Each structure stands twice: as C-alpha cells, then as structure tokens.
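*Asks:* One structure follows; several queries about it will come next.
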Amino acid sequence: MWKRTARGRELHFYLAGINNQNFLMRDRETGSWWQQVTGRAIAGALAGSALELMPNDELTFGLWKSEASQGQGRFLVLAPVPGHDDKDYDKKWEEEVAKYPVPLTFPGQGLKDRDVILGVVMGGQARAFPLAKVREASPVEDKIGGVPVVLVTGPDGESVRVFRSQWNGQDIDLYRDTQNDEKSDGKGDGENNGQSAGQAPKWRLLDSLGNTWNFAGCATGGPAVGQCLEKINFLKDYWFDWKNYNPQTTVYTH
Amino acid sequence: MNRSENRGLWLLLGLLAVFSLSLFLIPAFVIRPFRHQSERALGVAIAVKRIAPALAVAALVGVLALGARLWRSSSRWLRSGIVTALLLSAASAVLVRQNYFEWMFNPITTPGFVSAGDAHLGDKEMVMAVQIGQEARAYPIVQMAYHHILNDTVGDVPIVVTY
C-alpha cells in the first residue's frame, strides 16, 4: 500500500504488466512504469521516483472488526465490485498460484521458493522470518540492524504485527500471558469462528516491567499504560520474491 | 515500374508487417505470467511498449502506401498478400493500444464501501487494513487478489492499495 503522490503530483495507477510474478503498474498522469512491490518507477517520466509506503495491517476480518468496535472513527469495508462473484473472487486462487513454477529460485538459505515469509528491513538490514515459525513461536524477538523487534501473532492465530520492542528507550522482553489467553489459544488456530470478538480482550502480552500489551501494541496496564509501541512495517511475501528484491537478506533461524 | 524495384517494395511491405506485429508480440512474449523476466528483457519490453503506439501507426501507413502502389500490378494472389499485411498491421496498431492485463483483472473504477456490520465477509477472511486519522478501511484480500490495484483516498490522503 502506497501514497499515490510523486514529485508533488497525485497519481492514479492501473495494472500494466508483470515482472517475475510481481505486478507492474502505470500511472495515468505520466504513463510511467512502476514496480508494485518496491513502489519505484522503473521507466518513464517519473523513473527513479519512489512512492511513500502507507503503513497498513493484514488482519482477519474478525479481528479488524473487534478493534474497530473499540476504536473511534469511520470504519468501512470495500464492497465486492458489481458483476464479480465468487468465481472471480476465488479463495483458492493463492493455492492454485502456488502450484505454478517460480520464475526465480534461491536455494541455500533453508527456505523453499514459495515459503511465506515476513520481511523486515531495519537500519539497512533485511531479514526474512518464516511465517510458520512466527505462528509457532509468537512472540518472536530479534534484533535487526541493532533495533530490537518483536513479531506477534494475534488472538486469531492468523494476523501478525511487528513492533519495536522498546519503551522509554529501554529494550523490553515480551511474552505471552498464557494463563490469561489459554482459552483463545486452546485449539491452535481453531475452528471456533466468533472467538475474536468475544475473547480478544483476554489476549495479552506481558513484559519484564510489569506492563500488559494488547495486539495493537498499546499498554493496557502497568507503568506504560495508554502508550503504544512503535509499529514496524513488514512485507508478507514468498521467499523467492523477497530474496529477489533483498539480495542481502538474512533468514531468522532461532 | 521494373521488376527488381517491385521486388524491393514487396520485401519492404513484408518487413513492415512483421515489424508491426513484433511491436505487439515482443512485449507480450517477454511480459508473460509465471515466467522469468530478466532486467534487460523487461527493459526492452517496456521500451517497445512505450514507442509501439506511434510506430505501429507509422508502419500501418507505410503498409497502406506500399499496398496502394503495388495493387495495380498485382495478381489476385498477390493482392491477398497485400490485404493480409494490411490486416496484420491494423490489428497490431489496435492491440498495442490495449491493456490486456486490465481485460483479465477488471480494474475497480468506482469503489463501493459498506459498514463493517453490512459486509458479507467471514471472520476468518483476511483484509488489508489502514487507518488515517478518523478514517479506517478494510480491503478484503479475496477482492484485492483479483483486481490487484485500487486507487482510494482515506482521510484526504490519496493511496493506492496493491496486492
């Protein structure tokens, strides 16, 4: 997700091609060509320009709703475009895509080409965290480019957020309050749908300073109450694609 | 018109038709899904795409002029060659102006939104979520994975949602 302005100009993008399974887009204003995943213009009048990243989350709808119900503001959901039905909005599409051959392969770092990773870049250093590992070991703590970060799977067992694990200039260790959230954790990712709204408030993280944190990264109790951790952007991506655009990336292996 | 001059014109006619067709086919071949695109090939494909609309028209005009010149002295069989070259060049001039990626994935021209309560979406469906000031949006991935690109404005900030 990007801010669609470059060199002080508002742009409108459309789909225009594909590059190693990553979409290329063009803007109607100048016809320049942009690589969707990097937000950079690779050809045309705006070549060399970069779009500014728009921080966003990838959440389950249930979790988004439950956070929305606690938040203030106008919460809207994109409606299906008339004329398109489940045939176009194919939920199995990603599984189908995963069967196609990859255009690039990067063996040697312990990951398969289509393993889903969460890519984080901090202080010029790129690191890939296998999604399966993050789900299994959440919260995952690490240091990238000298910055302490924590990757957290939410109360729905699906949604992931990344935070800078520092409060008041102090590194903090975050861990799950397993006693409190055992219900929502009970059956792994579980089949029990409606859990998010009812049980999300119970889910929380603890730290060594006596704070409790919710999945939005805000302290719900303790000395930091009312304050929030800095959210860090990351990209959920296939390994081959991440490695292609971040050749120097390391892989989280703990 | 002597014979060798004619032969030269025929050659030019054929070359122009092939050239016109390649304006469409080269980028279409390079930028095809599920294949590897090298940086260089992609650079060539984009360069061709950028000049193709103008060049394809120029090629079509050339084919027309040559065809008209050769028509009178041609047998019926040769005339069908002229017509073929014309049709190919015309098709190419049209095709290079088409964005077939948008045929496949249908862009969202005017996005519609519903409140969280009115959305027909399961709790386990993934959404891309953004909040700017008091405005929050959820873009279901099942829709974004099809349309791929959405131009939106949230809290006065113009954004492009990509998936």
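Chain lettering (A, B, ...) mirrors the order of the structure tokens, residue numbering begins at 1 for each chain separately, and ligand numbering begins at 1 in order of display.
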Using only C-alpha atoms, select each residue of chain A with any atom at most 8 Å away from an atom of chain B, and give the selection as an MDAnalysis selection string.
*Replies:* chainID A and resid 1:5 10 12:21 36 43 54:65 72:81 88:91 100:104 193:194
*Asks:* If we count only C-alpha atoms and set the cut-off at 12 Å, which residues sit around A:Leu151, ignoring sequence neighbours fewer than 5 positions away in its own chain? Please answer as a ChimeraX atom specification.
*Replies:* /A:117-120,128-131,133-144,159-165,173-176,205,215,217,231-234,252
*Asks:* So which bits of stretch 23-172 of chain A end up strand (DSSP E) when you DSSP the backbone, as JSON, numbers by chain?
*Replies:* {"A": [23, 24, 25, 26, 27, 33, 34, 35, 40, 41, 42, 43, 57, 58, 59, 60, 74, 75, 76, 77, 78, 116, 117, 118, 119, 120, 121, 122, 125, 126, 127, 128, 129, 130, 140, 141, 142, 143, 144, 147, 148, 149, 150, 151, 152, 153, 160, 161, 162, 163, 164, 166, 167, 170, 171]}
*Asks:* What does the structure give for the distance between atom CA of A:Ala98 and atom CA of A:Glu158, in Å to one decimal?
*Replies:*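 A separation of 19.2 Å between them.
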*Asks:* Excluding B:Gly81 and residues on its chain fewer than 6 positions from it, collect all residues at most 12 Å away from it, counting only C-alpha atoms, and give them as a list of chain:residue names.
*Replies:*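 Contacts, with the query itself left out: B:Trp10, B:Leu11, B:Leu13, B:Gly14, B:Ala17, B:Val63, B:Leu66, B:Gly67, B:Leu70, B:Trp71, B:Ser74, B:Ser75, B:Leu87, B:Leu88.
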*Asks:* Would you please work out which residue, of B:Ala91, B:Trp103, B:Val96, B:Ala68, is nearest to B:Ala45 when using only C-alpha atoms?
*Replies:*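 Using only C-alpha atoms, B:Ala45 sits closest to B:Val96.
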*Asks:* Which polymer residues have any atom within 8 Å of an atom of A:Thr30, counting only C-alpha atoms, with same-chain residues fewer than 5 positions away left out, as number ranges by chain?
*Replies:* A: 44-46
*Asks:* For those residues, write C-alpha atoms to a file as a PDB file, in the first residue's frame.
*Replies:*
ATOM      1  CA  GLY A  44       9.017   6.759 -17.985  1.00  0.00           C
ATOM      2  CA  ALA A  45       8.997  10.399 -16.947  1.00  0.00           C
ATOM      3  CA  LEU A  46       8.982   9.539 -13.233  1.00  0.00           C
TER       4      LEU A  46
END
*Asks:* Which one is closest to B:Ser22: B:Leu78, B:Arg40, B:Ser89, B:Ser73? Count only C-alpha atoms.
*Replies:* B:Ser89
*Asks:* Assign secondary structure with DSSP using the backbone only, and return the residues of stretch 111-159 of chain B in helix (DSSP H, G or I) as a ChimeraX atom specification.
*Replies:* /B:116-118,141-147
*Asks:* Let me make sure I understand: among A:Ile42, A:Val152, A:Leu11, A:Val225, which one has the smallest atom-to-atom distance to A:Arg28 if we use only C-alpha atoms?
*Replies:* A:Leu11
*Asks:* Near A:Thr38, counting only C-alpha atoms, which residues have an atom at most 10 Å away, once you skip same-chain residues fewer than 3 positions from it, shown as a list in words?
*Replies:*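 Returned residues: Trp2, Asn22, Trp34, Gln35, Ala41, Ala50, Leu51, Glu52, Leu53 and Tyr245 of chain A.
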*Asks:* Atom CA of B:Leu9 to atom CA of B:Ala85: how many Å, to one decimal?
*Replies:* 12.8 Å
*Asks:* Could you please determine the separation between atom CA of A:Gln125 and atom CA of A:Gly145 in Å, to one decimal place?
*Replies:*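 Taking atom CA of A:Gln125 and atom CA of A:Gly145, their separation equals 5.5 Å.
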*Asks:* Could you give me, as a VMD selection string, the residues within 7 Å of B:Ser20, counting only C-alpha atoms and dropping anything in the same chain fewer than 4 positions from it?
*Replies:* chain B and resid 16 56 59 89 92
